[in-house]
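Dumped data33.txt below, it's compact mmCIF, C-alpha atoms:
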# COMPACT_ATOMS: atom_id res chain seq x y z
CA MET B 1 39.59 0.52 118.55
CA ARG B 2 36.26 2.27 117.98
CA PRO B 3 36.03 5.94 118.93
CA VAL B 4 34.70 6.48 122.46
CA ARG B 5 31.87 8.68 121.18
CA THR B 6 30.68 5.89 118.89
CA LEU B 7 30.65 3.42 121.78
CA HIS B 8 28.75 5.89 123.95
CA ARG B 9 26.17 6.48 121.22
CA ARG B 10 25.68 2.76 120.72
CA ALA B 11 25.39 2.07 124.45
CA SER B 12 22.89 4.92 124.79
CA ALA B 13 20.85 3.62 121.88
CA ALA B 14 20.88 0.10 123.30
CA LEU B 15 19.67 1.23 126.69
CA THR B 16 16.94 3.36 125.16
CA ALA B 17 15.83 0.45 122.98
CA MET B 18 15.76 -1.87 125.99
CA VAL B 19 13.49 0.48 127.92
CA ALA B 20 11.25 1.11 124.92
CA SER B 21 10.93 -2.61 124.29
CA ALA B 22 10.05 -3.32 127.92
CA ALA B 23 7.47 -0.54 127.93
CA THR B 24 5.93 -1.84 124.69
CA VAL B 25 5.63 -5.35 126.08
CA ALA B 26 4.17 -4.00 129.31
CA SER B 27 1.57 -1.96 127.44
CA ALA B 28 0.52 -5.12 125.62
CA GLY B 29 -0.42 -6.61 128.98
CA ALA B 30 1.90 -9.61 129.09
CA PRO B 31 4.25 -8.61 131.94
CA ALA B 32 1.39 -7.16 133.97
CA ALA B 33 -0.26 -10.57 133.85
CA ARG B 34 2.93 -12.46 134.76
CA LEU B 35 4.84 -10.17 137.07
CA HIS B 36 3.76 -9.21 140.55
CA ALA B 37 5.41 -7.27 143.37
CA GLN B 38 6.51 -10.52 145.04
CA ASP B 39 8.46 -11.65 141.95
CA ALA B 40 12.25 -11.88 142.06
CA PRO B 41 14.74 -14.63 141.26
CA ALA B 42 14.54 -17.46 143.80
CA ALA B 43 16.93 -20.06 145.14
CA PRO B 44 16.58 -23.59 143.74
CA ALA B 45 14.05 -25.75 145.57
CA THR B 46 16.92 -28.07 146.58
CA SER B 47 18.78 -25.32 148.43
CA ILE B 48 18.63 -25.69 152.23
CA LEU B 49 20.27 -23.10 154.48
CA LEU B 50 20.41 -22.81 158.26
CA LEU B 51 21.05 -19.24 159.42
CA LEU B 52 22.59 -18.84 162.88
CA PRO B 53 22.48 -15.20 164.05
CA ASP B 54 22.71 -14.13 167.69
CA ARG B 55 19.06 -13.08 167.65
CA VAL B 56 16.00 -12.92 165.38
CA PHE B 57 13.54 -10.02 165.09
CA ILE B 58 10.44 -11.64 163.62
CA GLY B 59 8.85 -8.34 162.54
CA THR B 60 5.87 -8.08 164.88
CA GLU B 61 7.27 -7.82 168.41
CA ASP B 62 9.12 -5.29 170.58
CA SER B 63 12.28 -7.33 171.03
CA ALA B 64 14.44 -9.84 169.23
CA ARG B 65 14.54 -13.54 170.18
CA THR B 66 18.00 -14.48 171.45
CA GLY B 67 19.45 -17.83 170.42
CA TRP B 68 17.00 -18.41 167.58
CA ALA B 69 17.81 -19.80 164.14
CA VAL B 70 16.06 -19.78 160.77
CA LEU B 71 15.84 -22.64 158.25
CA VAL B 72 15.35 -21.71 154.58
CA THR B 73 14.36 -24.23 151.92
CA GLY B 74 14.34 -22.96 148.36
CA ASP B 75 12.70 -19.54 148.39
CA ARG B 76 10.77 -20.05 151.66
CA ILE B 77 11.31 -19.89 155.39
CA THR B 78 10.50 -23.38 156.63
CA ALA B 79 11.34 -23.23 160.33
CA VAL B 80 12.06 -20.58 162.97
CA GLY B 81 12.86 -21.09 166.65
CA PRO B 82 15.47 -21.84 169.33
CA ARG B 83 18.58 -23.41 167.84
CA ALA B 84 18.33 -26.48 170.04
CA GLU B 85 14.85 -27.24 168.74
CA LEU B 86 15.54 -26.84 165.02
CA ARG B 87 16.26 -30.03 163.13
CA ALA B 88 18.04 -29.41 159.85
CA PRO B 89 17.90 -32.10 157.12
CA THR B 90 21.02 -33.82 155.85
CA GLY B 91 22.80 -31.66 153.31
CA THR B 92 21.87 -28.38 154.97
CA ARG B 93 24.46 -25.62 154.62
CA THR B 94 24.98 -23.68 157.85
CA ILE B 95 25.74 -19.95 157.78
CA ALA B 96 27.04 -18.58 161.07
CA LEU B 97 26.22 -14.91 161.68
CA PRO B 98 27.81 -14.10 165.06
CA GLY B 99 27.08 -10.68 166.53
CA THR B 100 24.10 -10.08 164.28
CA THR B 101 20.33 -9.72 164.38
CA LEU B 102 18.35 -11.36 161.58
CA LEU B 103 15.24 -9.46 160.43
CA PRO B 104 12.71 -9.61 157.60
CA GLY B 105 13.99 -7.91 154.46
CA PHE B 106 13.34 -4.19 154.76
CA ILE B 107 10.58 -2.68 152.61
CA GLU B 108 11.05 0.83 151.22
CA GLY B 109 7.68 2.55 150.95
CA HIS B 110 8.62 5.64 148.93
CA THR B 111 11.52 5.80 146.49
CA HIS B 112 12.30 7.26 143.06
CA LEU B 113 14.86 5.05 141.36
CA PHE B 114 15.04 7.37 138.35
CA LEU B 115 16.19 10.33 140.46
CA HIS B 116 19.51 11.04 142.11
CA PRO B 117 20.38 13.55 144.86
CA TYR B 118 19.40 17.15 144.16
CA ASP B 119 22.75 18.46 145.40
CA GLU B 120 24.31 16.59 142.45
CA THR B 121 21.84 17.74 139.78
CA SER B 122 18.68 19.79 140.20
CA TRP B 123 15.32 18.13 139.63
CA ASN B 124 14.66 20.41 136.63
CA ASP B 125 17.92 19.39 134.98
CA GLN B 126 17.37 15.69 135.66
CA VAL B 127 13.96 15.83 133.97
CA LEU B 128 15.00 18.04 131.03
CA ARG B 129 18.70 17.44 130.40
CA GLU B 130 19.43 13.81 131.28
CA PRO B 131 18.53 11.35 128.48
CA LEU B 132 16.34 8.36 129.25
CA SER B 133 19.27 6.01 128.62
CA LEU B 134 21.36 7.75 131.29
CA ARG B 135 18.47 7.85 133.75
CA THR B 136 17.83 4.14 133.18
CA ALA B 137 21.50 3.30 133.73
CA ARG B 138 21.39 5.24 136.99
CA ALA B 139 18.18 3.44 138.02
CA VAL B 140 19.88 0.08 137.52
CA ALA B 141 22.69 1.16 139.86
CA HIS B 142 20.17 2.60 142.33
CA ALA B 143 18.21 -0.65 142.41
CA ARG B 144 21.32 -2.63 143.24
CA ALA B 145 22.38 -0.19 145.99
CA THR B 146 18.88 -0.38 147.52
CA LEU B 147 18.91 -4.18 147.58
CA GLU B 148 22.41 -4.36 149.05
CA ALA B 149 21.31 -2.00 151.83
CA GLY B 150 18.86 -4.70 152.94
CA PHE B 151 15.74 -3.40 151.18
CA THR B 152 14.45 -6.44 149.34
CA THR B 153 11.16 -4.79 148.32
CA ALA B 154 10.43 -1.19 147.31
CA ARG B 155 7.59 0.96 146.04
CA ASP B 156 8.73 3.41 143.35
CA LEU B 157 6.31 6.34 143.35
CA GLY B 158 6.89 7.91 139.97
CA THR B 159 9.55 8.08 137.28
CA GLU B 160 9.58 11.90 137.28
CA GLY B 161 9.66 12.39 133.53
CA ALA B 162 11.07 8.96 132.61
CA GLY B 163 7.72 7.72 131.31
CA TYR B 164 7.01 4.02 131.80
CA ALA B 165 10.66 3.03 132.20
CA ASP B 166 9.92 1.69 135.69
CA ALA B 167 7.90 -1.13 134.11
CA GLY B 168 10.99 -2.29 132.23
CA LEU B 169 13.12 -1.96 135.35
CA LYS B 170 10.65 -4.03 137.37
CA GLN B 171 10.62 -6.69 134.66
CA ALA B 172 14.43 -6.81 134.48
CA ILE B 173 14.61 -7.39 138.25
CA ALA B 174 11.90 -10.04 138.21
CA LEU B 175 13.64 -11.90 135.38
CA GLY B 176 17.00 -11.80 137.13
CA ILE B 177 18.64 -9.61 134.49
CA ILE B 178 19.69 -7.08 137.13
CA PRO B 179 19.70 -7.21 140.94
CA GLY B 180 17.19 -5.04 142.77
CA PRO B 181 14.30 -4.98 145.20
CA ARG B 182 10.95 -6.51 144.34
CA LEU B 183 9.13 -3.51 142.90
CA GLN B 184 5.72 -1.95 143.04
CA ILE B 185 5.50 0.98 140.63
CA ALA B 186 3.38 4.07 139.99
CA SER B 187 4.71 4.95 136.49
CA LYS B 188 4.10 8.58 135.48
CA ALA B 189 1.86 9.76 138.39
CA ILE B 190 -0.95 12.25 137.79
CA VAL B 191 -0.94 16.05 138.26
CA ALA B 192 -3.40 18.84 137.49
CA SER B 193 -2.59 20.90 134.41
CA GLY B 194 -0.33 23.84 135.21
CA SER B 195 0.54 22.69 138.71
CA TYR B 196 3.72 20.66 138.30
CA GLY B 197 7.12 21.24 136.71
CA PRO B 198 9.70 21.83 135.44
CA LYS B 199 8.99 25.54 135.96
CA GLY B 200 10.63 28.86 135.18
CA PHE B 201 10.60 28.82 131.37
CA ALA B 202 9.18 31.28 128.86
CA ASP B 203 5.43 30.93 128.35
CA GLU B 204 5.74 30.26 124.61
CA TRP B 205 7.52 26.95 125.20
CA VAL B 206 5.81 23.65 125.95
CA ILE B 207 8.06 21.93 128.50
CA PRO B 208 8.00 18.16 129.16
CA GLN B 209 6.50 17.51 132.58
CA GLY B 210 7.65 15.31 135.45
CA ALA B 211 4.22 13.63 135.63
CA GLU B 212 1.11 13.20 133.46
CA GLU B 213 -1.30 16.14 133.38
CA ALA B 214 -5.01 15.30 133.55
CA ASP B 215 -8.18 17.12 134.60
CA GLY B 216 -11.86 16.37 135.17
CA VAL B 217 -13.61 13.03 135.28
CA GLU B 218 -12.85 12.03 131.69
CA GLY B 219 -9.22 13.17 131.75
CA LEU B 220 -8.44 11.52 135.07
CA THR B 221 -10.19 8.31 134.08
CA ARG B 222 -8.22 8.15 130.84
CA ALA B 223 -4.87 8.84 132.53
CA ALA B 224 -5.44 6.34 135.33
CA ARG B 225 -6.51 3.58 132.97
CA SER B 226 -3.56 4.24 130.68
CA GLN B 227 -1.07 4.06 133.54
CA ILE B 228 -2.69 0.91 134.90
CA GLY B 229 -2.55 -0.60 131.43
CA HIS B 230 1.18 0.13 131.31
CA GLY B 231 1.75 -1.78 134.53
CA ALA B 232 1.24 0.68 137.42
CA ASP B 233 0.61 -1.11 140.72
CA TRP B 234 -0.50 2.13 142.38
CA VAL B 235 -2.22 5.20 140.98
CA LYS B 236 -0.34 8.20 142.37
CA VAL B 237 -1.97 11.62 142.38
CA TYR B 238 -0.67 15.00 143.48
CA ALA B 239 -3.59 16.20 145.61
CA ASP B 240 -1.82 19.51 146.11
CA TYR B 241 1.32 21.25 144.93
CA ARG B 242 3.23 24.52 145.05
CA TRP B 243 1.08 26.50 142.61
CA GLY B 244 -0.55 29.14 144.84
CA PRO B 245 -0.32 32.88 144.05
CA ALA B 246 2.89 33.18 146.08
CA GLY B 247 4.18 29.73 145.16
CA GLU B 248 2.67 28.10 148.23
CA ALA B 249 1.14 24.64 148.22
CA ARG B 250 -2.58 24.56 147.40
CA PRO B 251 -5.03 21.74 146.55
CA THR B 252 -5.02 20.78 142.87
CA PHE B 253 -8.08 18.53 142.53
CA SER B 254 -11.59 18.59 143.91
CA GLU B 255 -12.78 15.81 146.17
CA ALA B 256 -15.01 14.56 143.32
CA GLU B 257 -12.05 14.34 140.94
CA LEU B 258 -10.02 12.42 143.49
CA ARG B 259 -12.94 10.07 144.09
CA THR B 260 -12.96 9.33 140.36
CA LEU B 261 -9.37 8.12 140.56
CA VAL B 262 -10.15 5.96 143.59
CA GLU B 263 -13.10 4.35 141.80
CA VAL B 264 -11.11 3.70 138.61
CA ALA B 265 -8.21 2.21 140.56
CA ALA B 266 -10.53 0.08 142.70
CA SER B 267 -12.14 -1.37 139.57
CA SER B 268 -8.74 -2.79 138.64
CA GLY B 269 -7.94 -3.99 142.16
CA ARG B 270 -5.52 -1.15 142.88
CA HIS B 271 -5.28 1.70 145.36
CA VAL B 272 -4.54 5.41 145.11
CA VAL B 273 -1.64 7.05 146.93
CA ALA B 274 -1.73 10.83 147.27
CA HIS B 275 1.07 13.35 147.51
CA ALA B 276 -0.43 15.89 149.91
CA ALA B 277 1.31 18.51 152.02
CA THR B 278 -1.62 20.76 152.98
CA ALA B 279 -4.38 20.02 155.46
CA GLU B 280 -7.07 20.65 152.84
CA GLY B 281 -5.36 18.53 150.19
CA MET B 282 -5.04 15.72 152.71
CA ARG B 283 -8.66 16.09 153.83
CA ARG B 284 -10.02 15.87 150.29
CA ALA B 285 -7.86 12.87 149.48
CA VAL B 286 -8.87 11.01 152.64
CA LEU B 287 -12.58 11.67 152.09
CA ALA B 288 -12.19 10.52 148.47
CA GLY B 289 -10.88 7.15 149.69
CA VAL B 290 -7.12 7.12 149.04
CA ALA B 291 -5.15 4.39 150.81
CA MET B 292 -2.09 6.42 151.73
CA ILE B 293 -0.90 10.01 152.16
CA GLU B 294 2.70 10.96 151.39
CA HIS B 295 4.53 13.86 153.12
CA GLY B 296 1.64 15.47 155.07
CA ASP B 297 3.76 18.41 156.29
CA GLY B 298 0.75 20.63 157.03
CA GLY B 299 -1.43 17.94 158.54
CA THR B 300 -3.49 18.97 161.55
CA PRO B 301 -4.62 16.82 164.49
CA GLU B 302 -8.14 16.85 162.99
CA VAL B 303 -6.92 15.57 159.61
CA PHE B 304 -4.84 12.83 161.21
CA GLN B 305 -7.82 11.79 163.34
CA LEU B 306 -9.82 11.50 160.11
CA MET B 307 -7.05 9.37 158.61
CA ALA B 308 -7.05 7.09 161.64
CA GLN B 309 -10.83 6.70 161.46
CA ARG B 310 -10.65 5.75 157.78
CA GLY B 311 -7.59 3.53 158.01
CA VAL B 312 -5.40 5.73 155.79
CA THR B 313 -1.65 5.13 156.18
CA PHE B 314 0.81 8.02 156.50
CA CYS B 315 4.26 8.09 154.88
CA PRO B 316 6.00 11.15 156.40
CA THR B 317 9.21 11.12 154.26
CA LEU B 318 11.30 12.67 157.04
CA ALA B 319 14.60 12.08 155.27
CA ALA B 320 13.62 14.10 152.19
CA THR B 321 12.96 17.19 154.31
CA GLU B 322 16.18 16.67 156.24
CA ALA B 323 18.14 16.25 152.99
CA THR B 324 16.79 19.38 151.30
CA SER B 325 17.42 21.34 154.50
CA ARG B 326 21.04 20.21 154.44
CA TYR B 327 21.36 21.19 150.77
CA ALA B 328 20.18 24.68 151.78
CA GLY B 329 22.88 24.97 154.46
CA TRP B 330 21.33 23.49 157.61
CA ARG B 331 23.72 21.48 159.79
CA GLU B 332 23.51 19.39 162.97
CA GLY B 333 23.35 21.61 166.03
CA MET B 334 21.45 24.40 164.29
CA PRO B 335 17.81 25.13 165.23
CA PRO B 336 15.42 23.15 163.00
CA THR B 337 14.23 24.91 159.87
CA GLU B 338 10.58 25.90 159.60
CA ARG B 339 9.86 22.88 157.40
CA MET B 340 11.65 20.52 159.75
CA ALA B 341 9.67 21.84 162.72
CA GLN B 342 6.44 21.52 160.75
CA LYS B 343 7.33 17.95 159.76
CA ARG B 344 8.05 16.99 163.37
CA ALA B 345 4.72 18.48 164.51
CA ALA B 346 2.82 16.59 161.81
CA PHE B 347 4.55 13.31 162.61
CA THR B 348 3.79 13.72 166.31
CA ALA B 349 0.13 14.51 165.57
CA ALA B 350 -0.14 11.45 163.33
CA ARG B 351 1.28 9.17 166.00
CA ASN B 352 -0.93 10.70 168.69
CA ALA B 353 -3.96 10.00 166.49
CA GLY B 354 -2.95 6.36 166.03
CA VAL B 355 -2.31 6.60 162.28
CA SER B 356 -0.35 3.70 160.76
CA ILE B 357 3.12 4.86 159.67
CA CYS B 358 4.77 3.77 156.43
CA MET B 359 8.57 3.73 156.40
CA GLY B 360 9.48 5.58 153.21
CA GLY B 361 11.99 8.38 152.94
CA ASP B 362 11.65 9.62 149.32
CA ALA B 363 15.03 8.22 148.31
CA GLY B 364 16.29 9.86 145.15
CA VAL B 365 16.08 13.23 146.82
CA TYR B 366 19.07 11.77 148.70
CA ALA B 367 21.33 8.82 147.88
CA HIS B 368 19.91 5.40 147.13
CA GLY B 369 21.39 2.76 149.42
CA THR B 370 21.06 5.08 152.42
CA ASN B 371 17.35 4.26 152.76
CA ALA B 372 17.83 3.25 156.41
CA TRP B 373 18.22 6.95 157.23
CA GLU B 374 14.42 7.18 157.37
CA MET B 375 14.30 4.52 160.10
CA GLU B 376 16.86 6.46 162.12
CA LEU B 377 14.81 9.65 161.74
CA LEU B 378 11.58 7.92 162.77
CA VAL B 379 13.31 7.10 166.05
CA GLN B 380 14.86 10.55 166.33
CA TYR B 381 11.38 12.06 165.91
CA GLY B 382 9.99 9.99 168.77
CA MET B 383 9.09 6.50 167.53
CA PRO B 384 10.52 3.57 169.56
CA ALA B 385 13.11 1.58 167.62
CA PRO B 386 11.04 -1.65 167.52
CA ALA B 387 8.07 0.31 166.12
CA ALA B 388 10.31 1.78 163.39
CA LEU B 389 11.51 -1.74 162.52
CA ARG B 390 7.93 -2.99 162.38
CA ALA B 391 7.03 -0.08 160.08
CA ALA B 392 9.85 -1.10 157.72
CA THR B 393 8.89 -4.78 157.71
CA SER B 394 5.48 -6.15 158.70
CA GLY B 395 3.84 -2.70 158.63
CA ASN B 396 4.91 -1.88 155.09
CA ALA B 397 4.09 -5.41 153.96
CA ARG B 398 0.55 -4.89 155.23
CA ALA B 399 0.28 -1.38 153.73
CA LEU B 400 1.46 -2.59 150.32
CA GLY B 401 -0.75 -5.70 150.29
CA LEU B 402 2.16 -8.13 150.65
CA ALA B 403 1.63 -9.45 154.18
CA GLU B 404 0.77 -12.98 153.05
CA ARG B 405 4.26 -13.40 151.57
CA LEU B 406 6.59 -10.82 153.12
CA GLY B 407 7.33 -8.76 156.20
CA THR B 408 7.83 -11.35 158.96
CA VAL B 409 10.18 -14.21 159.81
CA HIS B 410 7.59 -16.97 159.87
CA PRO B 411 7.37 -20.39 158.19
CA GLY B 412 5.78 -20.10 154.75
CA GLN B 413 6.97 -16.55 154.12
CA LEU B 414 9.32 -15.77 151.25
CA ALA B 415 12.90 -15.92 152.49
CA ASP B 416 13.66 -12.21 152.24
CA LEU B 417 16.01 -11.62 155.18
CA VAL B 418 18.67 -9.17 156.32
CA ALA B 419 21.32 -9.61 159.02
CA VAL B 420 22.75 -6.49 160.68
CA ARG B 421 25.57 -6.21 163.19
CA GLY B 422 24.23 -5.38 166.64
CA ASP B 423 20.68 -5.17 167.95
CA PRO B 424 18.58 -2.52 166.15
CA THR B 425 15.75 -2.89 168.68
CA CYS B 426 18.12 -1.18 171.15
CA GLU B 427 20.23 0.91 168.76
CA ILE B 428 18.50 1.78 165.49
CA GLY B 429 21.79 2.73 163.81
CA ALA B 430 22.53 -0.99 163.52
CA VAL B 431 20.25 -1.10 160.46
CA ARG B 432 23.09 0.47 158.46
CA ARG B 433 25.57 -2.26 159.40
CA VAL B 434 24.37 -4.86 156.93
CA GLU B 435 26.21 -8.19 156.98
CA LEU B 436 23.95 -10.36 154.83
CA VAL B 437 21.01 -9.86 152.47
CA MET B 438 18.83 -12.72 151.23
CA GLN B 439 16.06 -12.40 148.65
CA GLY B 440 13.87 -15.36 147.81
CA GLY B 441 16.36 -17.70 149.48
CA ARG B 442 19.29 -16.34 147.42
CA ILE B 443 22.14 -14.61 149.20
CA VAL B 444 22.73 -11.35 147.35
CA ARG B 445 25.15 -9.79 149.82
CA GLY B 446 27.48 -11.42 152.34
CA GLY B 447 28.55 -15.01 152.55
CA ASP B 448 29.10 -16.41 149.07
CA ALA B 449 26.58 -14.14 147.40
CA THR B 450 25.21 -15.36 144.07
CA ARG B 451 23.56 -13.21 141.42
Would you mind writing the structure in this file as structure tokens?
Amino acid sequence: MRPVRTLHRRASAALTAMVASAATVASAGAPAARLHAQDAPAAPATSILLLLPDRVFIGTEDSARTGWAVLVTGDRITAVGPRAELRAPTGTRTIALPGTTLLPGFIEGHTHLFLHPYDETSWNDQVLREPLSLRTARAVAHARATLEAGFTTARDLGTEGAGYADAGLKQAIALGIIPGPRLQIASKAIVASGSYGPKGFADEWVIPQGAEEADGVEGLTRAARSQIGHGADWVKVYADYRWGPAGEARPTFSEAELRTLVEVAASSGRHVVAHAATAEGMRRAVLAGVAMIEHGDGGTPEVFQLMAQRGVTFCPTLAATEATSRYAGWREGMPPTERMAQKRAAFTAARNAGVSICMGGDAGVYAHGTNAWEMELLVQYGMPAPAALRAATSGNARALGLAERLGTVHPGQLADLVAVRGDPTCEIGAVRRVELVMQGGRIVRGGDATR
């Protein structure tokens, strides 16, 4: 028997080599040309399944349709409607799902598969002390947990120090090597020099950063093009961060610098998503032309009105704030923390202004596989349950440019479906009670799941 340490070293080396190989191939342009966010293993074209839930939520309405069924042929939905009106071909396999609601596969708008909860290991230690091989192994497990929770598509908004490893992860999922959600990725993300972390080390040391530092027109252009060349689907920028004189959040880039990123991304057919927690950081990003704002804690009614006018989507990441508050000692029944109250006020202002809401909780700050927590919080913060479900399905599909293939239960759409026990349009907590998950016509959880 080989020594355990030797096996660990070899496994670590193999994982690191796998990631490096995937990143090298991605940088050469091949996977970027072949792989898209809609890619995932599909059921054979000969597979025909008839799903019989109690009700179907098609993704665009306020209520579920009772007594409806869904026919899936290969990787596509081919018929939807009342059971009595659906005619299934000979050889169809019927899957009874009593007591359930069938919905479009959920879409996670903001996750970090290369992070794990901060109450397990601090962000600094994850970035600086955990080897890439370990972080990649965790990401594989996180991808599976996310898929099995009913999230068949996800947008990963930065590897947080793990380089371009998300490109290899996306490729492994698309090729069927590992199970996971269809991925859109943002690779390293972009920060202004001196603004990001890890922090707290002696000035004489150069510390690896959790994102790529870039400044000015030339620097930002170079960084954006490099990340796009390595397979990024979105260019993510930190429009502000906690680098003020007292550690408070302040804008990091000028409006002109942000506009440069938007122009570079647009030239490649991509959009920019901005981390922004201050009103001024949000304002600059919106005027520069970003497609989406993440967090937005300090957003004012005026800023959200500007976002609504310009069609900028808002991803409030309520669960991340709730999670970090809990790590600091907050518990149910206590008055909300200052950050929680600020988040609620911003979310209310955004909804009052008519801003489109992205369902994305910043998973990684808290446990992967519990992504549905964000839907529950959207409702707790005042959004009707059907609206929260639409945000997680058809809304996110539209925001991520996937509406032609995903987000609704309609003929012609990819057969990404999730069945949950109960009716989430009446009780949002039902989204956690997952009975079946289908991706591209393949059952990946429930029934006789195949991988």
Quick one: residues within 12 Å of Gly296 (chain B), only C-alpha atoms, excluding same-chain residues fewer than 5 positions away - as a ChimeraX atom specification?
/B:238-241,249,274-283,285-286,301,303-304,307,313-318,321,339,342-350,357
Just the residues within 6 Å of Pro117 (chain B), please, counting only C-alpha atoms, with nothing from its chain fewer than 4 positions along; format it as an NGL selection string.
:B and (364-367)
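Among the candidates B:Ser133, B:Ser356, B:Gln209, B:Thr370, the residue lying nearest to Asn396 (chain B) is B:Ser356 (atoms considered: only C-alpha atoms).
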Using all atoms listed in the file, which of B:Gly395, B:Gly67, B:Gly369, B:Pro424 sits nearest Gly407 (chain B)?
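Going through B:Gly395, B:Gly67, B:Gly369, B:Pro424 one by one, the smallest distance to Gly407 (chain B) is for B:Gly395.
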In Å to one decimal, how far is CA of Gln439 (chain B) from CA of Val70 (chain B)?
14.2 Å
Identify which of the residues B:Thr73, B:Thr78, B:Asn124, B:Gln227 lies closest to Pro411 (chain B), counting all atoms listed in the file when measuring atom-to-atom distances.
B:Thr78
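Atom pair CA of Gly216 (chain B) / CA of Trp234 (chain B): separated by 19.6 Å.
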Excluding same-chain residues fewer than 6 positions from Ala266 (chain B), what lies within 10 Å of it counting only C-alpha atoms, as a ChimeraX atom specification?
/B:235,260,272,289
C-alpha atoms of the current selection, written as a JSON list (two decimals), keeping the file's coordinate frame:
[["chain", "number", "residue", "atom", "x", "y", "z"],
["B", 235, "VAL", "CA", -2.22, 5.20, 140.98],
["B", 260, "THR", "CA", -12.96, 9.33, 140.36],
["B", 272, "VAL", "CA", -4.54, 5.41, 145.11],
["B", 289, "GLY", "CA", -10.88, 7.15, 149.69]]
Shortest interatomic distance to Pro82 (chain B) - which of B:Pro53, B:Pro386, B:Gly231, B:Gly197, counting all atoms listed in the file
B:Pro53
